[in-house]
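Text of query.txt (compact mmCIF, C-alpha atoms) as supplied:
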```txt
# COMPACT_ATOMS: atom_id res chain seq x y z
CA MET A 1 -9.25 -10.80 -34.82
CA ASN A 2 -5.78 -12.06 -35.65
CA ASP A 3 -3.00 -12.38 -33.08
CA ARG A 4 -1.25 -9.19 -34.16
CA GLU A 5 -4.44 -7.13 -33.75
CA LEU A 6 -5.07 -8.78 -30.40
CA VAL A 7 -1.61 -7.81 -29.12
CA ARG A 8 -1.98 -4.23 -30.39
CA LEU A 9 -5.37 -3.82 -28.70
CA SER A 10 -4.11 -5.46 -25.50
CA LYS A 11 -1.26 -2.94 -25.31
CA ARG A 12 -3.68 -0.04 -25.72
CA LEU A 13 -5.94 -1.45 -23.01
CA SER A 14 -2.92 -1.85 -20.75
CA LYS A 15 -2.07 1.81 -21.17
CA TRP A 16 -5.64 2.97 -20.63
CA LEU A 17 -6.61 0.63 -17.77
CA ARG A 18 -3.29 0.45 -15.91
CA HIS A 19 -1.36 3.64 -16.54
CA ASP A 20 -3.13 6.50 -18.30
CA PRO A 21 -6.93 6.31 -18.18
CA GLN A 22 -7.17 10.10 -18.23
CA GLY A 23 -5.41 10.05 -21.59
CA ILE A 24 -8.71 9.07 -23.19
CA GLY A 25 -11.01 10.51 -20.54
CA LEU A 26 -11.61 7.42 -18.41
CA GLU A 27 -12.24 7.66 -14.67
CA PRO A 28 -11.74 4.24 -13.06
CA ASP A 29 -13.44 3.61 -9.73
CA PRO A 30 -11.18 2.99 -6.70
CA ALA A 31 -10.87 -0.71 -7.62
CA GLY A 32 -9.86 0.08 -11.21
CA TRP A 33 -13.20 -0.76 -12.85
CA VAL A 34 -14.36 1.20 -15.91
CA PRO A 35 -17.79 0.86 -17.57
CA VAL A 36 -17.36 -1.06 -20.84
CA ASP A 37 -19.65 1.30 -22.77
CA VAL A 38 -17.60 4.30 -21.59
CA LEU A 39 -14.33 2.59 -22.57
CA LEU A 40 -15.66 1.82 -26.06
CA ARG A 41 -17.00 5.37 -26.49
CA GLN A 42 -13.81 7.07 -25.23
CA ALA A 43 -11.56 4.80 -27.31
CA LYS A 44 -13.55 5.73 -30.43
CA ALA A 45 -13.34 9.43 -29.55
CA ALA A 46 -9.55 9.00 -29.24
CA GLY A 47 -9.36 7.42 -32.71
CA THR A 48 -9.46 3.71 -31.84
CA THR A 49 -12.73 1.99 -32.68
CA ILE A 50 -13.17 -1.17 -30.59
CA THR A 51 -16.17 -3.46 -30.95
CA ARG A 52 -17.54 -5.36 -27.99
CA ASP A 53 -16.60 -8.59 -29.79
CA ALA A 54 -12.99 -7.40 -30.10
CA LEU A 55 -12.92 -6.45 -26.42
CA ASP A 56 -14.35 -9.86 -25.49
CA ALA A 57 -11.66 -11.51 -27.61
CA VAL A 58 -8.84 -9.63 -25.87
CA VAL A 59 -10.17 -10.54 -22.43
CA ALA A 60 -10.64 -14.19 -23.42
CA ARG A 61 -7.52 -14.71 -25.53
CA ASN A 62 -4.83 -12.52 -23.94
CA ASN A 63 -2.09 -15.01 -23.11
CA LYS A 64 -1.49 -13.39 -19.71
CA ARG A 65 -5.22 -12.96 -18.93
CA ARG A 66 -4.47 -9.36 -17.91
CA TYR A 67 -8.08 -8.14 -18.02
CA GLU A 68 -11.34 -9.16 -16.45
CA PHE A 69 -15.00 -8.28 -16.62
CA ASP A 70 -17.13 -8.00 -13.50
CA GLU A 71 -19.91 -10.57 -13.01
CA SER A 72 -22.38 -8.47 -14.99
CA GLY A 73 -20.00 -8.01 -17.94
CA THR A 74 -20.58 -4.26 -17.85
CA LEU A 75 -17.30 -3.29 -16.14
CA ILE A 76 -13.70 -4.07 -17.13
CA ARG A 77 -10.34 -3.67 -15.40
CA ALA A 78 -6.75 -4.82 -15.49
CA ARG A 79 -6.07 -7.54 -12.89
CA GLN A 80 -2.72 -6.06 -11.75
CA GLY A 81 0.24 -3.95 -12.86
CA HIS A 82 -1.26 -0.50 -12.31
CA SER A 83 0.84 2.60 -11.93
CA ILE A 84 -2.29 4.61 -11.06
CA PRO A 85 -3.79 4.46 -7.55
CA VAL A 86 -6.12 1.46 -7.20
CA GLU A 87 -7.26 -0.87 -4.45
CA LEU A 88 -7.91 -4.15 -6.24
CA GLY A 89 -9.57 -5.78 -3.24
CA TYR A 90 -7.78 -9.11 -3.36
CA THR A 91 -7.85 -11.16 -0.17
CA ALA A 92 -4.57 -11.97 1.55
CA THR A 93 -3.75 -15.61 0.83
CA GLU A 94 -1.15 -18.04 2.13
CA PRO A 95 1.39 -18.56 -0.66
CA PRO A 96 3.14 -21.76 -1.69
CA SER A 97 6.52 -22.44 -0.14
CA ILE A 98 8.46 -20.98 -3.07
CA LEU A 99 7.44 -18.43 -5.69
CA PHE A 100 9.56 -17.18 -8.58
CA HIS A 101 10.59 -13.85 -10.07
CA GLY A 102 12.03 -13.48 -13.53
CA THR A 103 14.15 -10.49 -14.43
CA ALA A 104 16.89 -9.44 -16.82
CA GLU A 105 20.49 -10.32 -16.09
CA HIS A 106 21.62 -6.68 -15.86
CA LEU A 107 19.35 -6.12 -12.80
CA VAL A 108 20.76 -8.92 -10.64
CA GLU A 109 23.30 -6.82 -8.73
CA ALA A 110 20.70 -4.22 -7.70
CA ILE A 111 18.20 -6.92 -6.72
CA MET A 112 20.76 -8.76 -4.60
CA ALA A 113 21.55 -5.47 -2.81
CA GLU A 114 18.05 -3.99 -2.48
CA GLY A 115 15.63 -6.87 -2.99
CA LEU A 116 12.57 -6.71 -5.23
CA ARG A 117 10.70 -3.43 -5.20
CA PRO A 118 7.50 -2.54 -7.06
CA MET A 119 9.21 0.31 -8.94
CA ARG A 120 6.44 2.20 -10.79
CA ARG A 121 3.77 -0.36 -9.89
CA HIS A 122 1.80 -1.08 -6.76
CA ALA A 123 3.30 -4.48 -6.00
CA VAL A 124 6.04 -6.92 -6.90
CA HIS A 125 4.75 -9.61 -9.27
CA LEU A 126 5.71 -13.22 -8.58
CA SER A 127 5.03 -16.39 -10.55
CA ALA A 128 3.96 -19.80 -9.32
CA ASP A 129 6.21 -21.59 -11.84
CA VAL A 130 9.70 -21.20 -13.27
CA GLU A 131 8.54 -21.21 -16.90
CA THR A 132 6.36 -18.14 -16.42
CA ALA A 133 9.10 -16.34 -14.50
CA ARG A 134 11.57 -17.15 -17.28
CA ALA A 135 9.20 -15.74 -19.93
CA VAL A 136 8.77 -12.55 -17.88
CA GLY A 137 12.51 -12.14 -17.45
CA ALA A 138 13.19 -12.77 -21.14
CA ARG A 139 11.19 -9.67 -22.14
CA HIS A 140 14.16 -7.50 -21.13
CA GLY A 141 17.20 -9.55 -22.06
CA ARG A 142 18.79 -12.78 -20.85
CA PRO A 143 16.48 -14.02 -18.08
CA VAL A 144 17.54 -14.72 -14.52
CA ILE A 145 15.17 -16.47 -12.11
CA PHE A 146 15.02 -15.85 -8.38
CA ASP A 147 13.44 -18.27 -5.93
CA VAL A 148 11.42 -16.31 -3.36
CA ALA A 149 11.04 -17.88 0.10
CA ALA A 150 7.33 -17.02 0.15
CA GLU A 151 6.33 -19.31 3.00
CA ARG A 152 9.06 -17.88 5.23
CA MET A 153 8.03 -14.32 4.31
CA TYR A 154 4.42 -15.18 5.11
CA ARG A 155 5.40 -16.64 8.50
CA ASP A 156 7.37 -13.43 9.11
CA GLY A 157 4.21 -11.37 8.60
CA GLN A 158 4.24 -10.43 4.91
CA SER A 159 0.88 -10.47 3.10
CA PHE A 160 0.49 -12.10 -0.30
CA TYR A 161 -2.35 -11.69 -2.78
CA ARG A 162 -3.21 -13.95 -5.71
CA THR A 163 -4.92 -12.42 -8.74
CA GLY A 164 -7.48 -14.12 -10.94
CA ASN A 165 -4.81 -14.94 -13.51
CA GLY A 166 -2.45 -16.59 -11.02
CA VAL A 167 0.00 -13.73 -10.46
CA TRP A 168 1.12 -13.37 -6.85
CA LEU A 169 1.47 -9.84 -5.49
CA VAL A 170 3.57 -8.71 -2.53
CA ASP A 171 4.71 -5.26 -1.38
CA ALA A 172 8.44 -6.03 -1.64
CA VAL A 173 10.93 -8.87 -1.18
CA LEU A 174 14.02 -8.29 0.94
CA PRO A 175 17.32 -9.82 -0.26
CA ALA A 176 17.27 -12.31 2.64
CA TYR A 177 14.28 -14.04 1.02
CA LEU A 178 15.87 -14.35 -2.42
CA ALA A 179 18.05 -17.05 -3.97
CA MET A 180 19.25 -16.83 -7.54
CA ARG A 181 18.33 -20.00 -9.39
CA ASP A 182 21.03 -21.91 -11.27
CA SER A 183 20.69 -20.93 -14.94
CA ALA A 184 20.14 -24.60 -15.85
CA GLY A 185 17.21 -24.80 -13.38
```
Would you kindly transcribe this structure into structure tokens?
Amino acid sequence: MNDRELVRLSKRLSKWLRHDPQGIGLEPDPAGWVPVDVLLRQAKAAGTTITRDALDAVVARNNKRRYEFDESGTLIRARQGHSIPVELGYTATEPPSILFHGTAEHLVEAIMAEGLRPMRRHAVHLSADVETARAVGARHGRPVIFDVAAERMYRDGQSFYRTGNGVWLVDAVLPAYLAMRDSAG
């Protein structure tokens, strides 16, 4: 599977596992898991034939490691980013002192006024490093990076969750916990 095919399949899986499982007749369990054999069958019925090898390749090679199999390898789900109701079951974890959020420049004014909100997703996504946050922000224009005072938020009672691919999840971030990073930093 070449990189272009991998990206195309990853985008379809994102739609089906995070946003519109009913679109191809999937019924995720409360934690977002779908039986692999059902996914493959329903994808084929919807006009997209996926082999198990191709699915394995997407899970293994997706640069953001968005998907995971359960221990048995018979269930698959997206690690985060759902707009459908799910309870992913991550354990609350103490975050590092500072986490980062990358966004597009045109959103800065709203973020400074309202903070970070999950919008159509279940949680705000934060990065452990500036480079990842910059890459996320660059998807929508000139990137701007915010430092998030995660340790202070945690001490103030906010729960943080770390996914298997290193993304930090939090319900929201109030403006008082945000500092816009110098564009050179």
Problem - Spatial neighbours of A:Lys11, max dist 12 Å, only C-alpha atoms, sep filter under 5 positions, as a list in words - result: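 The neighbour list is Arg4, Glu5, Leu6, Trp16, Leu17, Arg18, His19, Asp20, Val58, Asn62, Lys64, Arg66, Tyr67 and Ala78 of chain A.
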Handout entry: 12 Å contact set for A:Ala133, all atoms listed in the file, chain neighbours under 5 positions out, as a list in words
Key = Leu99, Phe100, His101, Gly102, Thr103, Ala104, His125, Leu126, Ser127, Ala128, Ala138, Arg139, Pro143, Val144, Ile145, Phe146, Asp147, Val148, Val167, Trp168, Arg181 and Gly185 of chain A
Exercise for the section: Work out how far atom CA of A:Met1 is from atom CA of A:Ala54, in Å to one decimal. Expected result: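 Taking atom CA of A:Ala54 as the start and atom CA of A:Met1 as the end point, the length is 6.9 Å.
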Practice task
Go through A:Ala150, A:Leu174, A:Val124, A:Leu88 and flag the residue nearest A:Gly32, using all atoms listed in the file for the distances.
Solution key: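 Of all the options, A:Leu88 lies closest to A:Gly32.
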Exercise for the section: Work out how far apart atom CA of A:Gly23 and atom CA of A:Val36 are and give it in Å to one decimal. Expected result: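 For atom CA of A:Gly23 relative to atom CA of A:Val36, the distance reads 16.3 Å.
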Problem - atom CA of A:Glu131 to atom CA of A:Tyr177, straight-line distance in Å - result: 20.1 Å
Exercise for the section: Using only C-alpha atoms, find the one residue out of A:Arg142, A:Arg162, A:Arg121, A:Arg152 that sits nearest to A:Leu107. Expected result: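 Of A:Arg142, A:Arg162, A:Arg121, A:Arg152, the one nearest A:Leu107 is A:Arg142, counting only C-alpha atoms.
Of the listed residues (A:Arg77, A:His82, A:His140, A:Arg120), A:His140 comes nearest to A:His106; the distances count all atoms listed in the file.
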Problem - Exercise: A:Thr48 partners within 12 Å, all atoms listed in the file, chain neighbours under 4 positions left out, as a ChimeraX atom specification - result: /A:8-9,12-13,16,24,39-44,54
Problem - Shortest interatomic distance to A:Ile50 - which of A:Ser10, A:Glu114, A:Asp70, A:Pro175, counting only C-alpha atoms - result: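 Among A:Ser10, A:Glu114, A:Asp70, A:Pro175, it is A:Ser10 that comes nearest to A:Ile50.
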Practice task
Between A:Asn2, A:Asp37, A:Gly81, A:Thr74, single out the one closest to A:Ser14, counting all atoms listed in the file.
Solution key: A:Gly81
Problem - Option closest in space to A:Pro30, from A:Asp56, A:Glu68, A:Glu87, A:Glu94 [counting all atoms listed in the file] - result: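 For A:Pro30, the nearest of the candidates is A:Glu87.
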What are the centre and the three edge lengths of an axis-aligned box that wraps all atoms of stretch 156-160 of chain A in the file, given that 6 Å is added to every side, written as AutoDock Vina command-line options and rounded to one decimal in Å?
```
--center_x 3.9 --center_y -11.9 --center_z 4.4 --size_x 18.9 --size_y 15.0 --size_z 21.4
```
Practice task
Place a sphere of radius 6 Å on (8.0, -20.7, 0.9) in the file coordinates and name every protein, DNA or RNA residue with an atom inside or on its surface, counting all atoms listed in the file; give the answer as number ranges by chain.
Solution key: A: 96-98, 149-152
